Structures are given as C-alpha cells and as structure tokens.
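Structure record follows, encoded as structure tokens.
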Amino acid sequence: MKNIKLLAIAPYNGLKDLILEEAKARNNLDVEVHVADMLEGVELVKTLQNKDFDCIISRAGTAELIREVTDTPVIDIKISIIDMISAIKLAENYSGSYAVVGFRSITEKAEIVRELNDYSIDIQTINSLLEIEGYLTDLKMKGVSLIVGDVITSSKARELGLNTILVTSGKESVKNAFDEVVNLLKLLVIFDQKNILIKKIMDYSEMEYIAFNKERKVVLTNIKTKRQYFTDFAKEIVDQLFKEKECEIIKEMDNSLTLIRGKLFESNEEVYACFYFRAIKPSTKLADPAITFLNVFDESKTNLETIPTNNKQLLKVIKDVKSYSNATNPLLLIGEIGTGKDFLAHAIYKNGPYQKSPLIVIDAKYMDEKKWLNLINKDNSFLTESNITIYMKNLQMLNEACQQLLESYFINTYIHKRNRFIFSFVNGYSDVFDKGPFLQFIRNELGAFPLVMPTLNDRKEDISSLTSLFMSELILKYGKQVVGLEPKALQLLQEFKWTNHIDQLKRIIEECIILTDTYFISEESVQSVLANERFPTANTTTYLDLQKPLDEINKDIINLVLSEEGFNQSKAAERLGISRSTLWRKLK
Ligand SMILES: Nc1ncnc2c1ncn2[C@@H]1O[C@H](COP(=O)(O)OP(=O)(O)OP(=O)(O)O)[C@@H](O)[C@H]1O
C-alpha cells in the first residue's frame with residue numbers, strides 16, 4: 001500500500017510537536033505540518049491544494065473552516081475532557097475571576113467539567129469569529145481577568161489586556177485523530193478500488209455509456225472519441241430523460257442502428273441520467289421502408305383524446321382501445337386503405353405500457369421471405385428484445401410461405417408474450433390471407449382483439465372536422481388564407497364515394513387549397529378536383545354494398561356514375577336514362 005499523504009494544520013506550535021512525535025511512531029505516513037490558525041490555515045490549505053493530500057488534520061474552529069474549502073477529508077483533533085480538565089485545573093489556581101470562551105467543541109467539554117466538579121464557571125459559547133470581541137469586552141466589564149479558550153479567543157483576549165490559558169490538545173487526542181485518519185483512509189481505499197473495478201468492467205463491456213449530473217455536466221463516460229455523435233445525441237435528449245425517467249430508443253447513427261437505453265440513478269441524494277449505447281444489426285437495409293421506428297421523444301400528432309369523431313363505430317373502437325391501453329394483449333386493426341389504421345396504431349403505442357421504448361413498424365408490403373428469415377434468425381435482431389411495441393401492418397400481403405414462417409416463429413419464441421403486438425390488414429384484399437390459417441392463428445391462438453375501422457363513407461359526419469383539421473395544416477404549408485368550404489362544397493365531399501378514405505380526403509383538400517385564391521373553397525373547385533379522381537370501372541361492384549336496401553343501392557349507383565362523369569349531372573342523367581330532376585330526387 002502506498003504511503004498516506006497527510007497535511008496537518010496546527011493552530012499553535014506545541015501541537016505541531018505532538019503531531020510530529022505521533023507521525024514518527026507510525027509507518028506509511030508522509031506528514032507535512034504547518035502552524036496556522038483559523039483563516040490563515042484556510043489560505044494555506046488553498047495554496048497547497050495541488051499537492052493531492054489524502055487527508056488533512058487540524059483542530060476545532062480551524063478544522064471546521066478548512067472543511068468548507070476542500071473536498072479532501074478533514075479530521076478534527078478533538079479536545080478531550082482530559083484536555084479541558086487540565087486547562088480548568090490551572091485556571092482554578094488563579095486568584096482572580098475567569099471564564100471559558102470558545103466554539104461549541106470547547107464549551108461543551110467545559111460544561112461537563114463544571115457539572116462533575118460542581119464548579120461555578122462562566123462559560124460563553126460563540127458561533128462566529130465576529131462575536132468574540134463583544135463577549136470578551138462584556139466579561140472584562142464584569143470583572144473577569146482570565147480567559148480559558150482556543151487560540152483565536154486567547155489571542156483576542158490578550159489584545160484586550162486579559163490573561164489567558166490556552167486549551168491544548170494532549171497526546172491522547174492527537175493519537176486518536178491519527179487512528180481516525182488511518183481508519184477513514186482504509187475505507188476510502190476499499191471504496192476507490194471498487195470504483196476502479198466497476199469502471200474497468202464497464203469499459204470492457206461492448207456498451208458505451210455516458211452519465212450526466214443534474215447540471216447536465218458529464219460525470220462519467222467511456223464513449224470513444226470516434227463516436228462523439230453518441231455524446232452529442234445524449235446531450236440533445238438528456239433534459240427529456242430527466243423528465244421521463246427512462247427511455248429506450250432505436251436510432252440510425254453513422255450508418256448503423258444503435259439501441260440507446262436511458263435511466264436515472266440516485267446516489268448520495270443526487271440524481272444522475274445515464275445512457276447506454278449498443279449497436280444492433282439491421283435485418284434490412286437502413287433506408288428500407290419495410291422496418292421503421294418511432295421513438296418516445298419523436299414528435300407524433302396521434303392522440304386518442306383528439307381523434308375528431310362523432311361516429312359511433314369509431315367511438316366504440318376508441319373506447320375498446322382505452323380499455324386495452326394498459327394490457328399487453330395483441331390487437332388486430334381491420335379496415336380499408338387509408339381509414340386510419342396506422343394513426344390508431346401510433347395512438348395505441350403512445351397510450352400503451354411500453355411507450356418509453358420504441359415502436360417498431362414492420363410493413364409486410366415491403367417484406368419478402370428472405371427479409372422475414374433475416375429478421376427472425378439474427379441473434380441480435382431487435383426481435384430478441386422485450387417490452388417493446390411491434391406493429392405488423394399490411395398482413396394481407398403475406399403469401400402462404402411467409403404466413404407459415406411467422407406462425408412457427410410465434411409458436412417457438414413466444415415473442416408475443418414478451419412484447420405488445422399490433423397487427424393490421426386491409427380486409428377483402430386477398431383471399432390467401434382472409435381465408436388463410438394465419439389470420440385464424442392471430443385471432444384464436446394469439447388472442448388478438450379485433451378493432452374494425454369504419455370507412456370514410458361510414459363517417460360522413462366527421463368529414464367536416466377532418467377537413468378543418470387538414471386545412472389548418474395545409475394553409476401553413478401553402479401560406480393561403482383559406483378559412484373553410486362553401487356549404488355545397490362540403491356536401492359534395494360528404495356525398496362522394498371514397499375509396500382511399502382519409503388519405504384520399506387529405507389529398508383532395510390539398511389540391512383544393514392549391515387551386516383556391518379566395519377565403520372559401522368553392523363547390524366548383526371541389527367538383528373539378530373530384531372529377532379527376534379515377535375510379536376502377538371494371539370492378540364497380542367492389543364499391544356497391546348489395547346488402548343495403550334497393551333505394552340505397554340505387555343512390556350508390558347514381559353517385560358512382562356521377563363521379564365517373566366528373567359530377568356533370570346532365571351527363572350522368574343521360575347515361576342512366578333518367579332526367580336531371582329524377583336524378584336529384586333519387587339522391588335525396
Ligand atoms: N383521426 C385522424 N385525425 C387526423 N388525421 C388522420 C386521422 N386518421 C387518419 N388520419 C390521416 O389519414 C391518413 C391515412 O391514415 P393511416 O395511414 O393511418 O391509414 P391506414 O388505414 O393505415 O392506411 P394504409 O392501409 O394505407 O396503411 C394519414 O395521413 C393520417 O395521418
């Protein structure tokens with residue numbers, strides 16, 4: 001063990017000799033002793049700061065003042081009862097009247113001696129150096145001519161023409177202080193060794209880490225300089241971590257995917273924010289839309305509370321989602337293209353139990369068998385993680401081979417027990433999926449709760465609020481002063497047969513805004529934009545619900561022909577072999 005480097009500040013000369021004597025009797029100690037009292041001692045410590053002492057030893061008030069200016073441990077050479085008895089015995093032989101004056105460390109011992117011996121001693125406790133002169137002057141006025149105290153009190157007393165007896169520390173007190181130094185440093189060495197070991201273990205691990213204190217200063221890190229971007233990113237999000245308390249983020253950095261875990265730690269009543277960085281192998285190319293991520297701090301407009309709807313079916317879906325929000329059961333979103341399945345999936349994630357970890361979106365539209373195999377067979381794929389939300393969308397695009405592959409993956413890994421799954425598919429798109437075993441497996445074996453999204457055609461009542469919402473975003477984008485739709489323009493939107501639903505409505509509104517230079521979007525603008533919507537004529541039955549009453553089916557046919565004729569009523573009436581007025585009557 002290396003020698004202990006000890007700095008001793010003795011408030012008077014005699015103590016210096018005792019310290020040197022004690023130091024000689026011990027091994028493993030390098031002691032540097034100075035004689036200095038109170039503020040003088042403090043200044044001295046400041047100038048010697050760079051000498052890296054392991055410990056400082058001093059006495060009473062001087063020790064207390066030194067403690068305030070240094071992080072090095074300071075041990076106090078305590079005044080023992082014996083030291084106090086010796087001083088008071090001397091004073092008792094004095095024929096005049098005397099008093100004990102000093103900081104609490106001195107006067108508390110004097111009080112014990114007074115009580116044990118039944119002496120009548122005037123004892124005055126001071127709390128700051130500034131009080132000394134006042135106390136001494138008062139005592140002098142009362143006829144006291146001898147002061148028993150520490151160095152600073154004694155020297156002040158002498159200045160005021162009083163006699164003094166200095167309370168000195170005896171051999172025993174110095175020896176005790178040295179024992180305390182040795183014990184404390186033994187503990188510190190053990191603590192330091194543990195710290196060094198932990199740091200070595202952490203540095204060896206493949207994870208890089210960085211820890212911040214609450215002033216956002218880096219207190220510990222092993223991030224290599226070539227990966228400065230880890231540090232930069234951590235600095236960007238450290239405020240959010242202090243707020244959220246924990247997070248897990250997947251981010252593309254320097255052409256590879258990194259998993260970043262953030263956590264708050266408490267030590268010694270201080271809170272620290274720590275980030276860990278670990279590379280994860282991407283299973284697809286980075287820019288591939290097949291797999292994307294949404295992280296806790298990423299901006300997302302989705303919010304269950306603000307979905308604009310008066311539609312009963314959608315309100316029921318939202319209610320069901322809320323009931324399931326804290327559960328981890330799989331959910332199955334079913335709906336036509338553009339009905340808001342993704343929007344809802346994001347909202348489920350944001351309200352769900354794993355909202356502080358990433359949402360991983362796997363789009364089956366861009367996956368093939370090779371990519372699925374790659375994803376599920378990688379040891380360090382993110383699918384080996386737990387407690388994350390995984391959104392598998394467009395399942396209608398899965399062929400039979402991929403369906404089988406996924407089914408056995410779920411059966412063999414129980415991945416759905418460790419994570420929350422949200423599935424979605426477009427119904428009526430593929431018989432291979434709709435009638436295939438995988439959909440049954442998701443419903444029956446995985447127990448996914450189905451949520452059916454209404455089409456926009458079923459949500460006519462929401463078209464007005466959705467339109468306002470999109471318009472408010474778009475006028476910012478295009479800098480237009482459009483404030484709304486003419487009533488007839490809105491009516492056209494409400495009567496239109498949507499095929500791509502909210503997606504399509506959003507696009508139509510955008511086109512109208514581009515074309516409009518007035519405050520209100522006119523009926524004509526909407527008419528001309530809708531006229532450009534192409535409808536598949538070969539497969540019109542897809543848009544006719546033959547379960548409806550005949551009147552309704554007739555209405556749907558008229559609307560379809562109207563839209564195909566660019567909302568030209570005369571042409572539509574002519575094609576249907578009816579008059580314009582009959583056409584409008586049938587539409588009412
Ligand atoms: N409640 C809503 N409020 C505002 N915008 C919405 C809402 N629901 C959906 N949207 C918007 O409508 C568009 C279509 O929604 P989304 O992509 O979620 O539909 P989808 O059913 O997942 O479509 P697809 O089947 O094509 O993936 C998106 O631009 C989305 O932002």
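Just remember, in the structure tokens the first chain shown is A, the second B, etc., residues are 1-based per chain, and ligands are 1-based in the order shown.
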
Just want the residues within 6 Å of ligand 1, written as a VMD selection string, counting only C-alpha atoms and all ligand atoms. chain A and resid 307 to 308 337 to 343 502 to 503

Would you export the selected residues with C-alpha atoms as a PDB file, in the first residue's frame, please?
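Listing of result-v4.pdb after writing:
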```pdb
ATOM      1  CA  ILE A 307     -59.301  11.936 -32.758  1.00  0.00           C
ATOM      2  CA  PRO A 308     -62.080  14.049 -34.318  1.00  0.00           C
ATOM      3  CA  ILE A 337     -56.829   1.509 -47.155  1.00  0.00           C
ATOM      4  CA  GLY A 338     -56.457   4.961 -45.592  1.00  0.00           C
ATOM      5  CA  THR A 339     -59.014   4.501 -42.836  1.00  0.00           C
ATOM      6  CA  GLY A 340     -56.552   5.470 -40.100  1.00  0.00           C
ATOM      7  CA  LYS A 341     -55.129   2.100 -39.007  1.00  0.00           C
ATOM      8  CA  ASP A 342     -51.575   3.464 -38.696  1.00  0.00           C
ATOM      9  CA  PHE A 343     -52.857   6.549 -36.951  1.00  0.00           C
ATOM     10  CA  ILE A 502     -58.944   9.702 -45.109  1.00  0.00           C
ATOM     11  CA  ASP A 503     -55.802   9.526 -47.229  1.00  0.00           C
TER      12      ASP A 503
END
```

Would you list the contacts of Asp150 in chain A as a ChimeraX atom specification, taking every protein, DNA or RNA residue within 7 Å and counting only C-alpha atoms, but skipping same-chain residues closer than 5 positions in sequence? /A:102,166-167

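Around range 296-301 of chain A, within 9 Å and counting only C-alpha atoms, the residues found are Ile237, Gln240, Cys247, Glu248, Ile249, Phe343, His346, Ala347, Lys350, Gln355, Lys356, Ser357, Pro358 and Leu359 of chain A, once anything fewer than 3 positions away on its own chain is removed.
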
Any idea what's packed within 10 Å of range 441-458 of chain A, counting only C-alpha atoms, ignoring anything in its chain fewer than 6 positions away? Could you give it as a PyMOL selection string? chain A and resi 311-314+316-318+320-321+324+329-341+344+403+407+410-411+414+416-417+421-424+427+493-505

Quick check for you: according to DSSP on this backbone, which residues of range 51-225 of chain A are classed as strand (DSSP E or B)? Reply as a ChimeraX atom specification. /A:55-58,74-76,98-102,122-125,146-149,163-166,208-212,218-221

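Atom to atom, CA of Leu485 in chain A and CA of Ser522 in chain A stand 6.4 Å apart.
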
What is the CA of Arg114 in chain A-CA of Ile79 in chain A distance in Å, reported with one decimal? 15.7 Å

Leaving out range 573-586 of chain A and any residue of its chain fewer than 3 positions from it, which residues lie within 7 Å of it when counting only C-alpha atoms, given as a VMD selection string? chain A and resid 555 569 to 570

Mind writing the picked residues with C-alpha atoms as a PDB file, in the first residue's frame?
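Below is the file result.pdb, written as the result:
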```pdb
ATOM      1  CA  LYS A 555     -78.212   6.037 -54.652  1.00  0.00           C
ATOM      2  CA  GLN A 569     -75.361  15.988 -63.666  1.00  0.00           C
ATOM      3  CA  SER A 570     -76.654  16.164 -67.259  1.00  0.00           C
TER       4      SER A 570
END
```

Given the choices A:Tyr409, A:Tyr429, A:Tyr478, A:Phe293, which gets closest to Ile388 in chain A if the distance is worked out from only C-alpha atoms?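 That would be A:Phe293, the residue with the smallest distance to Ile388 in chain A.
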
Measure the distance from CA of Ile88 in chain A to CA of Ile57 in chain A in Å and round it to one decimal. 25.4 Å

Hey, what does DSSP flag as alpha helix (DSSP H) within range 69-290 of chain A? Can you give it to me as a PyMOL selection string? chain A and resi 69+81-92+104-117+132-141+151-159+171-204+228-244
